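Source file: input_28.pdb (PDB, C-alpha atoms, pLDDT in the B column)
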```
ATOM      1  CA  VAL A   7     -20.438  14.857  22.091  1.00 68.00           C
ATOM      2  CA  ALA A   8     -21.119  12.527  19.203  1.00 83.00           C
ATOM      3  CA  ALA A   9     -21.649   8.786  19.450  1.00 93.00           C
ATOM      4  CA  THR A  10     -18.367   6.886  19.590  1.00 94.00           C
ATOM      5  CA  PRO A  11     -17.416   4.471  16.810  1.00 94.00           C
ATOM      6  CA  GLU A  12     -17.897   1.656  19.355  1.00 95.00           C
ATOM      7  CA  GLN A  13     -21.471   2.785  20.103  1.00 97.00           C
ATOM      8  CA  ILE A  14     -22.186   3.085  16.390  1.00 97.00           C
ATOM      9  CA  ARG A  15     -20.828  -0.386  15.620  1.00 97.00           C
ATOM     10  CA  ALA A  16     -22.843  -1.860  18.507  1.00 97.00           C
ATOM     11  CA  THR A  17     -26.054  -0.251  17.210  1.00 98.00           C
ATOM     12  CA  ILE A  18     -25.411  -1.634  13.712  1.00 98.00           C
ATOM     13  CA  ASP A  19     -24.811  -5.130  15.132  1.00 97.00           C
ATOM     14  CA  ARG A  20     -28.068  -4.928  17.082  1.00 98.00           C
ATOM     15  CA  TYR A  21     -29.886  -3.608  14.013  1.00 98.00           C
ATOM     16  CA  VAL A  22     -28.752  -6.534  11.858  1.00 97.00           C
ATOM     17  CA  ALA A  23     -29.631  -9.033  14.602  1.00 96.00           C
ATOM     18  CA  ALA A  24     -33.056  -7.545  15.421  1.00 97.00           C
ATOM     19  CA  PHE A  25     -34.028  -7.325  11.759  1.00 95.00           C
ATOM     20  CA  GLY A  26     -32.989 -10.906  11.061  1.00 94.00           C
ATOM     21  CA  ASN A  27     -34.604 -12.291  14.214  1.00 94.00           C
ATOM     22  CA  GLY A  28     -37.940 -10.593  13.628  1.00 94.00           C
ATOM     23  CA  ASP A  29     -37.492  -8.663  16.897  1.00 96.00           C
ATOM     24  CA  LYS A  30     -39.734  -5.674  16.191  1.00 97.00           C
ATOM     25  CA  ASP A  31     -39.439  -4.136  19.675  1.00 98.00           C
ATOM     26  CA  GLY A  32     -35.669  -4.514  19.637  1.00 98.00           C
ATOM     27  CA  TYR A  33     -35.570  -2.937  16.195  1.00 97.00           C
ATOM     28  CA  LEU A  34     -37.737   0.033  17.176  1.00 98.00           C
ATOM     29  CA  SER A  35     -35.684   0.633  20.335  1.00 98.00           C
ATOM     30  CA  LEU A  36     -32.640   1.414  18.178  1.00 98.00           C
ATOM     31  CA  PHE A  37     -34.141   4.631  16.777  1.00 98.00           C
ATOM     32  CA  SER A  38     -34.304   8.089  18.341  1.00 98.00           C
ATOM     33  CA  PRO A  39     -37.865   9.412  18.869  1.00 97.00           C
ATOM     34  CA  ASP A  40     -37.914  11.543  15.691  1.00 97.00           C
ATOM     35  CA  ALA A  41     -35.786   9.263  13.533  1.00 98.00           C
ATOM     36  CA  THR A  42     -36.390   8.945   9.795  1.00 98.00           C
ATOM     37  CA  VAL A  43     -36.269   5.861   7.584  1.00 98.00           C
ATOM     38  CA  GLU A  44     -36.034   6.166   3.778  1.00 98.00           C
ATOM     39  CA  ASP A  45     -35.955   2.607   2.435  1.00 97.00           C
ATOM     40  CA  PRO A  46     -35.338   2.443  -0.442  1.00 96.00           C
ATOM     41  CA  VAL A  47     -33.919   5.904  -1.130  1.00 97.00           C
ATOM     42  CA  GLY A  48     -36.470   7.792  -3.233  1.00 95.00           C
ATOM     43  CA  SER A  49     -39.500   6.318  -1.435  1.00 95.00           C
ATOM     44  CA  ASP A  50     -41.625   8.123   1.173  1.00 96.00           C
ATOM     45  CA  VAL A  51     -39.728   8.943   4.347  1.00 98.00           C
ATOM     46  CA  CYS A  52     -41.093   7.376   7.553  1.00 98.00           C
ATOM     47  CA  ARG A  53     -40.642   9.524  10.680  1.00 98.00           C
ATOM     48  CA  GLY A  54     -41.067   8.458  14.309  1.00 97.00           C
ATOM     49  CA  PRO A  55     -41.947   5.151  15.946  1.00 97.00           C
ATOM     50  CA  VAL A  56     -45.468   4.789  14.539  1.00 97.00           C
ATOM     51  CA  GLU A  57     -44.401   5.251  10.934  1.00 98.00           C
ATOM     52  CA  ILE A  58     -41.259   3.160  11.385  1.00 98.00           C
ATOM     53  CA  ALA A  59     -43.361   0.371  12.940  1.00 98.00           C
ATOM     54  CA  GLY A  60     -45.590   0.647   9.875  1.00 97.00           C
ATOM     55  CA  PHE A  61     -42.562   0.250   7.654  1.00 97.00           C
ATOM     56  CA  TRP A  62     -41.525  -2.863   9.598  1.00 96.00           C
ATOM     57  CA  ASP A  63     -45.018  -4.344   9.248  1.00 96.00           C
ATOM     58  CA  GLY A  64     -45.030  -3.618   5.516  1.00 94.00           C
ATOM     59  CA  VAL A  65     -41.771  -5.499   5.020  1.00 93.00           C
ATOM     60  CA  ARG A  66     -42.979  -8.452   7.107  1.00 92.00           C
ATOM     61  CA  ASN A  67     -46.203  -8.630   5.107  1.00 90.00           C
ATOM     62  CA  LEU A  68     -44.090  -9.191   1.998  1.00 87.00           C
ATOM     63  CA  THR A  69     -41.757 -11.752   3.523  1.00 88.00           C
ATOM     64  CA  PRO A  70     -41.991 -13.449   6.936  1.00 83.00           C
ATOM     65  CA  THR A  71     -38.221 -13.905   7.259  1.00 88.00           C
ATOM     66  CA  ILE A  72     -35.499 -11.640   5.973  1.00 93.00           C
ATOM     67  CA  HIS A  73     -31.927 -12.284   7.032  1.00 94.00           C
ATOM     68  CA  LEU A  74     -29.304  -9.531   6.770  1.00 96.00           C
ATOM     69  CA  GLN A  75     -25.655 -10.358   6.152  1.00 95.00           C
ATOM     70  CA  LEU A  76     -22.953  -7.684   6.415  1.00 96.00           C
ATOM     71  CA  VAL A  77     -20.459  -7.501   3.531  1.00 95.00           C
ATOM     72  CA  GLY A  78     -17.236  -6.148   4.965  1.00 93.00           C
ATOM     73  CA  SER A  79     -17.078  -3.868   7.992  1.00 93.00           C
ATOM     74  CA  PRO A  80     -19.172  -0.766   8.558  1.00 96.00           C
ATOM     75  CA  ARG A  81     -17.375   2.446   7.574  1.00 97.00           C
ATOM     76  CA  VAL A  82     -17.770   4.867  10.482  1.00 96.00           C
ATOM     77  CA  ALA A  83     -16.987   8.579  10.047  1.00 95.00           C
ATOM     78  CA  GLY A  84     -18.043  11.812  11.691  1.00 93.00           C
ATOM     79  CA  GLY A  85     -20.746  10.261  13.868  1.00 93.00           C
ATOM     80  CA  ALA A  86     -22.301   8.521  10.861  1.00 97.00           C
ATOM     81  CA  ALA A  87     -21.816   5.173   9.162  1.00 98.00           C
ATOM     82  CA  ALA A  88     -22.332   3.323   5.897  1.00 98.00           C
ATOM     83  CA  PHE A  89     -22.289  -0.425   5.484  1.00 98.00           C
ATOM     84  CA  ALA A  90     -22.817  -2.915   2.684  1.00 97.00           C
ATOM     85  CA  MET A  91     -24.951  -6.004   3.179  1.00 97.00           C
ATOM     86  CA  GLN A  92     -27.078  -8.580   1.488  1.00 96.00           C
ATOM     87  CA  ALA A  93     -30.738  -8.933   2.393  1.00 96.00           C
ATOM     88  CA  LEU A  94     -32.022 -12.493   2.044  1.00 95.00           C
ATOM     89  CA  PRO A  95     -35.833 -12.546   1.979  1.00 93.00           C
ATOM     90  CA  GLU A  96     -37.916 -15.623   1.327  1.00 89.00           C
ATOM     91  CA  LEU A  97     -40.659 -15.115  -1.218  1.00 85.00           C
ATOM     92  CA  GLY A  98     -42.852 -18.184  -1.055  1.00 83.00           C
ATOM     93  CA  ASP A  99     -40.464 -21.127  -1.318  1.00 85.00           C
ATOM     94  CA  THR A 100     -37.749 -19.105  -3.017  1.00 90.00           C
ATOM     95  CA  LYS A 101     -34.775 -17.610  -1.223  1.00 93.00           C
ATOM     96  CA  MET A 102     -33.892 -14.290  -2.815  1.00 95.00           C
ATOM     97  CA  VAL A 103     -30.979 -11.891  -2.386  1.00 96.00           C
ATOM     98  CA  VAL A 104     -30.470  -8.189  -2.983  1.00 96.00           C
ATOM     99  CA  ASP A 105     -27.406  -5.999  -2.374  1.00 96.00           C
ATOM    100  CA  ILE A 106     -27.963  -3.020  -0.080  1.00 97.00           C
ATOM    101  CA  ILE A 107     -25.926  -0.172   1.344  1.00 98.00           C
ATOM    102  CA  ASP A 108     -27.368   1.454   4.460  1.00 98.00           C
ATOM    103  CA  VAL A 109     -26.334   4.944   5.550  1.00 98.00           C
ATOM    104  CA  MET A 110     -27.125   5.927   9.145  1.00 98.00           C
ATOM    105  CA  THR A 111     -26.672   8.957  11.369  1.00 97.00           C
ATOM    106  CA  PHE A 112     -26.711   8.676  15.159  1.00 98.00           C
ATOM    107  CA  ASP A 113     -27.451  10.747  18.243  1.00 97.00           C
ATOM    108  CA  ASP A 114     -25.176  11.119  21.270  1.00 95.00           C
ATOM    109  CA  ASP A 115     -26.489   7.862  22.737  1.00 95.00           C
ATOM    110  CA  GLY A 116     -25.783   5.860  19.593  1.00 97.00           C
ATOM    111  CA  ARG A 117     -29.432   5.701  18.555  1.00 98.00           C
ATOM    112  CA  ILE A 118     -30.234   5.920  14.846  1.00 98.00           C
ATOM    113  CA  THR A 119     -31.471   9.397  13.827  1.00 98.00           C
ATOM    114  CA  SER A 120     -31.731   8.646  10.099  1.00 98.00           C
ATOM    115  CA  LEU A 121     -31.491   5.586   7.897  1.00 98.00           C
ATOM    116  CA  GLN A 122     -31.234   5.622   4.112  1.00 98.00           C
ATOM    117  CA  ALA A 123     -31.148   2.281   2.312  1.00 98.00           C
ATOM    118  CA  PHE A 124     -29.720   2.199  -1.220  1.00 98.00           C
ATOM    119  CA  TRP A 125     -31.036  -0.757  -3.212  1.00 96.00           C
ATOM    120  CA  ASP A 126     -33.132  -1.504  -6.270  1.00 93.00           C
ATOM    121  CA  MET A 127     -35.933  -4.080  -6.403  1.00 89.00           C
ATOM    122  CA  ALA A 128     -34.914  -4.762 -10.020  1.00 90.00           C
ATOM    123  CA  GLU A 129     -31.603  -6.161  -8.737  1.00 91.00           C
ATOM    124  CA  MET A 130     -33.275  -8.837  -6.573  1.00 93.00           C
ATOM    125  CA  ARG A 131     -32.471 -12.379  -7.716  1.00 95.00           C
ATOM    126  CA  PRO A 132     -32.692 -15.980  -6.539  1.00 95.00           C
ATOM    127  CA  TYR A 133     -30.050 -16.791  -3.945  1.00 93.00           C
ATOM    128  CA  ASP A 134     -27.672 -19.554  -4.977  1.00 86.00           C
ATOM    129  CA  GLY A 135     -25.195 -19.226  -2.060  1.00 73.00           C
TER     130      GLY A 135
ATOM    131  CA  VAL B   3     -36.441  14.247 -14.772  1.00 68.00           C
ATOM    132  CA  ALA B   4     -33.781  12.598 -12.667  1.00 83.00           C
ATOM    133  CA  ALA B   5     -30.625  11.007 -13.992  1.00 93.00           C
ATOM    134  CA  THR B   6     -31.206   7.459 -15.202  1.00 94.00           C
ATOM    135  CA  PRO B   7     -29.483   4.527 -13.493  1.00 94.00           C
ATOM    136  CA  GLU B   8     -27.427   4.120 -16.687  1.00 95.00           C
ATOM    137  CA  GLN B   9     -26.204   7.737 -16.482  1.00 97.00           C
ATOM    138  CA  ILE B  10     -25.411   7.313 -12.800  1.00 97.00           C
ATOM    139  CA  ARG B  11     -23.458   4.095 -13.360  1.00 97.00           C
ATOM    140  CA  ALA B  12     -21.525   5.722 -16.216  1.00 97.00           C
ATOM    141  CA  THR B  13     -20.581   8.687 -14.020  1.00 98.00           C
ATOM    142  CA  ILE B  14     -19.373   6.343 -11.260  1.00 98.00           C
ATOM    143  CA  ASP B  15     -17.265   4.387 -13.759  1.00 97.00           C
ATOM    144  CA  ARG B  16     -15.717   7.620 -15.031  1.00 98.00           C
ATOM    145  CA  TYR B  17     -15.126   8.796 -11.470  1.00 98.00           C
ATOM    146  CA  VAL B  18     -13.246   5.632 -10.530  1.00 97.00           C
ATOM    147  CA  ALA B  19     -11.190   5.773 -13.745  1.00 96.00           C
ATOM    148  CA  ALA B  20     -10.355   9.499 -13.525  1.00 97.00           C
ATOM    149  CA  PHE B  21      -9.357   9.230  -9.870  1.00 95.00           C
ATOM    150  CA  GLY B  22      -7.132   6.231 -10.479  1.00 94.00           C
ATOM    151  CA  ASN B  23      -5.561   7.692 -13.618  1.00 94.00           C
ATOM    152  CA  GLY B  24      -4.700  11.025 -12.032  1.00 94.00           C
ATOM    153  CA  ASP B  25      -6.988  12.761 -14.563  1.00 96.00           C
ATOM    154  CA  LYS B  26      -7.810  15.936 -12.639  1.00 97.00           C
ATOM    155  CA  ASP B  27      -9.715  17.639 -15.467  1.00 97.00           C
ATOM    156  CA  GLY B  28     -11.754  14.507 -16.135  1.00 98.00           C
ATOM    157  CA  TYR B  29     -12.502  14.234 -12.427  1.00 97.00           C
ATOM    158  CA  LEU B  30     -13.601  17.863 -12.089  1.00 98.00           C
ATOM    159  CA  SER B  31     -15.819  17.594 -15.179  1.00 98.00           C
ATOM    160  CA  LEU B  32     -17.967  15.000 -13.386  1.00 98.00           C
ATOM    161  CA  PHE B  33     -19.308  17.513 -10.847  1.00 98.00           C
ATOM    162  CA  SER B  34     -22.115  20.042 -11.213  1.00 98.00           C
ATOM    163  CA  PRO B  35     -21.019  23.687 -10.741  1.00 97.00           C
ATOM    164  CA  ASP B  36     -22.157  23.920  -7.103  1.00 97.00           C
ATOM    165  CA  ALA B  37     -21.356  20.341  -6.103  1.00 98.00           C
ATOM    166  CA  THR B  38     -20.172  19.478  -2.595  1.00 98.00           C
ATOM    167  CA  VAL B  39     -17.519  16.969  -1.501  1.00 98.00           C
ATOM    168  CA  GLU B  40     -17.313  15.788   2.123  1.00 98.00           C
ATOM    169  CA  ASP B  41     -14.402  13.345   2.267  1.00 97.00           C
ATOM    170  CA  PRO B  42     -14.212  11.881   4.823  1.00 96.00           C
ATOM    171  CA  VAL B  43     -17.660  12.492   6.319  1.00 97.00           C
ATOM    172  CA  GLY B  44     -17.226  14.836   9.267  1.00 95.00           C
ATOM    173  CA  SER B  45     -14.491  16.938   7.604  1.00 95.00           C
ATOM    174  CA  ASP B  46     -14.981  20.383   6.046  1.00 96.00           C
ATOM    175  CA  VAL B  47     -17.272  20.356   3.028  1.00 98.00           C
ATOM    176  CA  CYS B  48     -15.716  21.542  -0.257  1.00 98.00           C
ATOM    177  CA  ARG B  49     -18.137  23.349  -2.592  1.00 98.00           C
ATOM    178  CA  GLY B  50     -17.619  24.212  -6.264  1.00 97.00           C
ATOM    179  CA  PRO B  51     -14.760  23.569  -8.680  1.00 97.00           C
ATOM    180  CA  VAL B  52     -12.093  25.659  -6.948  1.00 97.00           C
ATOM    181  CA  GLU B  53     -12.545  23.974  -3.591  1.00 98.00           C
ATOM    182  CA  ILE B  54     -12.951  20.521  -5.143  1.00 98.00           C
ATOM    183  CA  ALA B  55      -9.738  21.074  -7.146  1.00 98.00           C
ATOM    184  CA  GLY B  56      -8.106  21.997  -3.832  1.00 97.00           C
ATOM    185  CA  PHE B  57      -9.328  18.736  -2.343  1.00 97.00           C
ATOM    186  CA  TRP B  58      -7.844  16.816  -5.296  1.00 96.00           C
ATOM    187  CA  ASP B  59      -4.495  18.597  -4.885  1.00 96.00           C
ATOM    188  CA  GLY B  60      -4.482  17.843  -1.163  1.00 94.00           C
ATOM    189  CA  VAL B  61      -4.959  14.127  -1.795  1.00 93.00           C
ATOM    190  CA  ARG B  62      -2.258  14.082  -4.477  1.00 92.00           C
ATOM    191  CA  ASN B  63       0.171  15.836  -2.167  1.00 90.00           C
ATOM    192  CA  LEU B  64      -0.204  12.929   0.256  1.00 87.00           C
ATOM    193  CA  THR B  65       0.105  10.187  -2.341  1.00 87.00           C
ATOM    194  CA  PRO B  66       1.013  10.497  -6.023  1.00 83.00           C
ATOM    195  CA  THR B  67      -0.991   7.428  -7.051  1.00 88.00           C
ATOM    196  CA  ILE B  68      -4.222   6.166  -5.565  1.00 93.00           C
ATOM    197  CA  HIS B  69      -6.103   3.382  -7.292  1.00 94.00           C
ATOM    198  CA  LEU B  70      -9.815   2.822  -6.599  1.00 96.00           C
ATOM    199  CA  GLN B  71     -11.332  -0.648  -6.842  1.00 95.00           C
ATOM    200  CA  LEU B  72     -15.106  -1.166  -6.679  1.00 96.00           C
ATOM    201  CA  VAL B  73     -16.329  -3.886  -4.292  1.00 95.00           C
ATOM    202  CA  GLY B  74     -19.598  -5.165  -5.706  1.00 93.00           C
ATOM    203  CA  SER B  75     -21.912  -3.098  -7.872  1.00 93.00           C
ATOM    204  CA  PRO B  76     -23.099   0.420  -7.113  1.00 96.00           C
ATOM    205  CA  ARG B  77     -26.527   0.506  -5.469  1.00 97.00           C
ATOM    206  CA  VAL B  78     -28.616   3.051  -7.388  1.00 96.00           C
ATOM    207  CA  ALA B  79     -31.881   4.375  -5.935  1.00 95.00           C
ATOM    208  CA  GLY B  80     -33.968   7.493  -6.311  1.00 92.00           C
ATOM    209  CA  GLY B  81     -31.465   9.387  -8.430  1.00 93.00           C
ATOM    210  CA  ALA B  82     -28.691   8.693  -5.920  1.00 97.00           C
ATOM    211  CA  ALA B  83     -26.141   5.935  -5.435  1.00 98.00           C
ATOM    212  CA  ALA B  84     -23.886   4.291  -2.870  1.00 98.00           C
ATOM    213  CA  PHE B  85     -20.962   2.049  -3.640  1.00 98.00           C
ATOM    214  CA  ALA B  86     -18.290   0.200  -1.710  1.00 97.00           C
ATOM    215  CA  MET B  87     -14.665   0.289  -2.808  1.00 97.00           C
ATOM    216  CA  GLN B  88     -11.103  -0.017  -1.685  1.00 96.00           C
ATOM    217  CA  ALA B  89      -8.707   2.893  -2.091  1.00 96.00           C
ATOM    218  CA  LEU B  90      -5.116   1.805  -2.668  1.00 95.00           C
ATOM    219  CA  PRO B  91      -2.719   4.688  -2.051  1.00 93.00           C
ATOM    220  CA  GLU B  92       1.051   4.377  -2.063  1.00 89.00           C
ATOM    221  CA  LEU B  93       2.768   6.002   0.889  1.00 85.00           C
ATOM    222  CA  GLY B  94       6.451   6.037   0.138  1.00 83.00           C
ATOM    223  CA  ASP B  95       7.277   2.494  -0.914  1.00 85.00           C
ATOM    224  CA  THR B  96       4.289   0.975   0.890  1.00 90.00           C
ATOM    225  CA  LYS B  97       1.024   0.058  -0.773  1.00 93.00           C
ATOM    226  CA  MET B  98      -1.836   0.737   1.624  1.00 94.00           C
ATOM    227  CA  VAL B  99      -5.546  -0.043   1.504  1.00 96.00           C
ATOM    228  CA  VAL B 100      -8.620   1.432   3.144  1.00 96.00           C
ATOM    229  CA  ASP B 101     -12.288   0.477   2.779  1.00 96.00           C
ATOM    230  CA  ILE B 102     -14.597   3.265   1.646  1.00 97.00           C
ATOM    231  CA  ILE B 103     -18.270   3.715   0.883  1.00 98.00           C
ATOM    232  CA  ASP B 104     -19.129   6.696  -1.314  1.00 98.00           C
ATOM    233  CA  VAL B 105     -22.626   8.167  -1.417  1.00 98.00           C
ATOM    234  CA  MET B 106     -23.458  10.435  -4.353  1.00 98.00           C
ATOM    235  CA  THR B 107     -26.407  12.468  -5.577  1.00 97.00           C
ATOM    236  CA  PHE B 108     -26.757  13.519  -9.207  1.00 98.00           C
ATOM    237  CA  ASP B 109     -28.359  16.199 -11.345  1.00 97.00           C
ATOM    238  CA  ASP B 110     -30.519  15.584 -14.423  1.00 95.00           C
ATOM    239  CA  ASP B 111     -27.434  15.252 -16.608  1.00 95.00           C
ATOM    240  CA  GLY B 112     -25.844  12.604 -14.396  1.00 97.00           C
ATOM    241  CA  ARG B 113     -23.313  15.023 -12.902  1.00 98.00           C
ATOM    242  CA  ILE B 114     -22.405  14.618  -9.237  1.00 98.00           C
ATOM    243  CA  THR B 115     -24.156  17.174  -7.001  1.00 98.00           C
ATOM    244  CA  SER B 116     -22.847  15.809  -3.706  1.00 98.00           C
ATOM    245  CA  LEU B 117     -20.294  13.235  -2.621  1.00 98.00           C
ATOM    246  CA  GLN B 118     -19.897  11.883   0.904  1.00 98.00           C
ATOM    247  CA  ALA B 119     -17.090   9.408   1.534  1.00 98.00           C
ATOM    248  CA  PHE B 120     -17.372   7.153   4.599  1.00 98.00           C
ATOM    249  CA  TRP B 121     -13.982   5.914   5.772  1.00 96.00           C
ATOM    250  CA  ASP B 122     -11.635   6.163   8.722  1.00 93.00           C
ATOM    251  CA  MET B 123      -7.901   6.852   8.475  1.00 89.00           C
ATOM    252  CA  ALA B 124      -7.425   4.563  11.505  1.00 90.00           C
ATOM    253  CA  GLU B 125      -8.593   1.639   9.344  1.00 91.00           C
ATOM    254  CA  MET B 126      -5.845   2.121   6.739  1.00 93.00           C
ATOM    255  CA  ARG B 127      -3.425  -0.809   6.599  1.00 95.00           C
ATOM    256  CA  PRO B 128      -0.700  -2.279   4.398  1.00 95.00           C
ATOM    257  CA  TYR B 129      -2.100  -3.963   1.306  1.00 93.00           C
ATOM    258  CA  ASP B 130      -1.272  -7.641   1.055  1.00 85.00           C
ATOM    259  CA  GLY B 131      -3.527  -8.507  -1.905  1.00 73.00           C
TER     260      GLY B 131
END
```

Can I see the file as structure tokens?
Amino acid sequence: VAATPEQIRATIDRYVAAFGNGDKDGYLSLFSPDATVEDPVGSDVCRGPVEIAGFWDGVRNLTPTIHLQLVGSPRVAGGAAAFAMQALPELGDTKMVVDIIDVMTFDDDGRITSLQAFWDMAEMRPYDG
Amino acid sequence: VAATPEQIRATIDRYVAAFGNGDKDGYLSLFSPDATVEDPVGSDVCRGPVEIAGFWDGVRNLTPTIHLQLVGSPRVAGGAAAFAMQALPELGDTKMVVDIIDVMTFDDDGRITSLQAFWDMAEMRPYDG
């Protein structure tokens, strides 16, 4: 049995909250044991909790706070989901923004089995919202 | 060498235009010979021009016109892309809308090698825009 749309939406909500709140343990708990993270798409794929924790640390070394803001609702289909969002990192004193689409697959318990993040550093810009 | 972001964005623009204009030949010309279409994600995968043409015909049998409207810019990364849009089919006399995210990969010439469309029929609703 696949994860239900409700489980998938709950995992995405927790993912956005944990990422924005700097809750590393909460973030890591959302992934299955052999999950993969490719962020951005085209970069090296991280697999498993040690590598995914390393990815988290790498992001936090670049920016101490990074808020995520969903744009529209997640599209859930066939036990997978895609959702658009804006990531709002602070680089020094400057709030920046970049548009992202995340694609996730899930296991039966609604844990993330793969995450691909589509975005381009060249599209990052100062945030004027 | 992978497709450039410019090639990828041009293919997406042509895809949106061909789909909305009912241009079946233009649509089919955007795919590589062994391309796959999974629309929606979780349904049977169509492979190659005959099956993709069958997918097109199936959609057109349900609705004669179906406009696509990008929401934000395509996110291009690693020779792939994801983009959010609204599909606006007409069912009888009723304009409907459903939110979709398409994920595409591309060959060196910027042709689509795979398309996955994330959406849920249960989310379709009358269009009041």

(message) Nearest residue to chain B out of A:Glu44, A:Asp29, A:Asp114, A:Asp63, using all atoms listed in the file?
(response)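 Checking each candidate against chain B, we get A:Glu44 as the closest.
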
(request) Give as a PyMOL selection string every residue of chain A that touches chain B within 12 Å, counting all atoms listed in the file. (result) chain A and resi 8+11+44-50+77-92+104-111+122-130

(message) Neighbouring residues of Leu32 in chain B were defined as those with any atom within 6 Å, considering all atoms listed in the file; residues of the same chain fewer than 2 positions away were excluded. Please report them as a ChimeraX atom specification.
(response) /B:29-30,113

(message) Going by the chain IDs and residue numbers used in this file, which residues fall under the PyMOL selection byres ((chain B and resi 50) around 7)? Write them as a list in words.
(response) Pro35, Asp36, Ala37, Thr38, Cys48, Arg49, Pro51, Val52, Glu53 and Ile54 of chain B

(message) Would you pick out the contacts of Met98 in chain B at 12 Å or less, using only C-alpha atoms, so that residues sharing its chain but fewer than 6 positions from it are not included, and give the list as a ChimeraX atom specification?
(response) /B:65,67-70,88-92,123-131

Selected residues written out with C-alpha atoms, as a compact mmCIF listing (two decimals), in the frame of the given file:
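And here is the file that came out, result.txt:
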```txt
# COMPACT_ATOMS: atom_id res chain seq x y z
CA THR B 65 0.10 10.19 -2.34
CA THR B 67 -0.99 7.43 -7.05
CA ILE B 68 -4.22 6.17 -5.56
CA HIS B 69 -6.10 3.38 -7.29
CA LEU B 70 -9.82 2.82 -6.60
CA GLN B 88 -11.10 -0.02 -1.68
CA ALA B 89 -8.71 2.89 -2.09
CA LEU B 90 -5.12 1.80 -2.67
CA PRO B 91 -2.72 4.69 -2.05
CA GLU B 92 1.05 4.38 -2.06
CA MET B 123 -7.90 6.85 8.48
CA ALA B 124 -7.42 4.56 11.50
CA GLU B 125 -8.59 1.64 9.34
CA MET B 126 -5.84 2.12 6.74
CA ARG B 127 -3.42 -0.81 6.60
CA PRO B 128 -0.70 -2.28 4.40
CA TYR B 129 -2.10 -3.96 1.31
CA ASP B 130 -1.27 -7.64 1.06
CA GLY B 131 -3.53 -8.51 -1.90
```

Take every atom of range 79-87 of chain A listed in the file, fit an axis-aligned box around them, add 6 Å per side, and give the centre and edge lengths in Å to one decimal as JSON.
```
{"center_x": -19.6, "center_y": 4.0, "center_z": 10.7, "size_x": 17.3, "size_y": 27.7, "size_z": 18.3}
```

(message) Report, in Å with one decimal, the straight-line distance from CA of Ala12 in chain B to CA of Pro66 in chain B.
(response) 25.2 Å

(request) To one decimal in Å, tell me the separation between CA of Val39 in chain B and CA of Tyr21 in chain A. (result)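 CA of Tyr21 in chain A lies at a distance of 28.6 Å from CA of Val39 in chain B.
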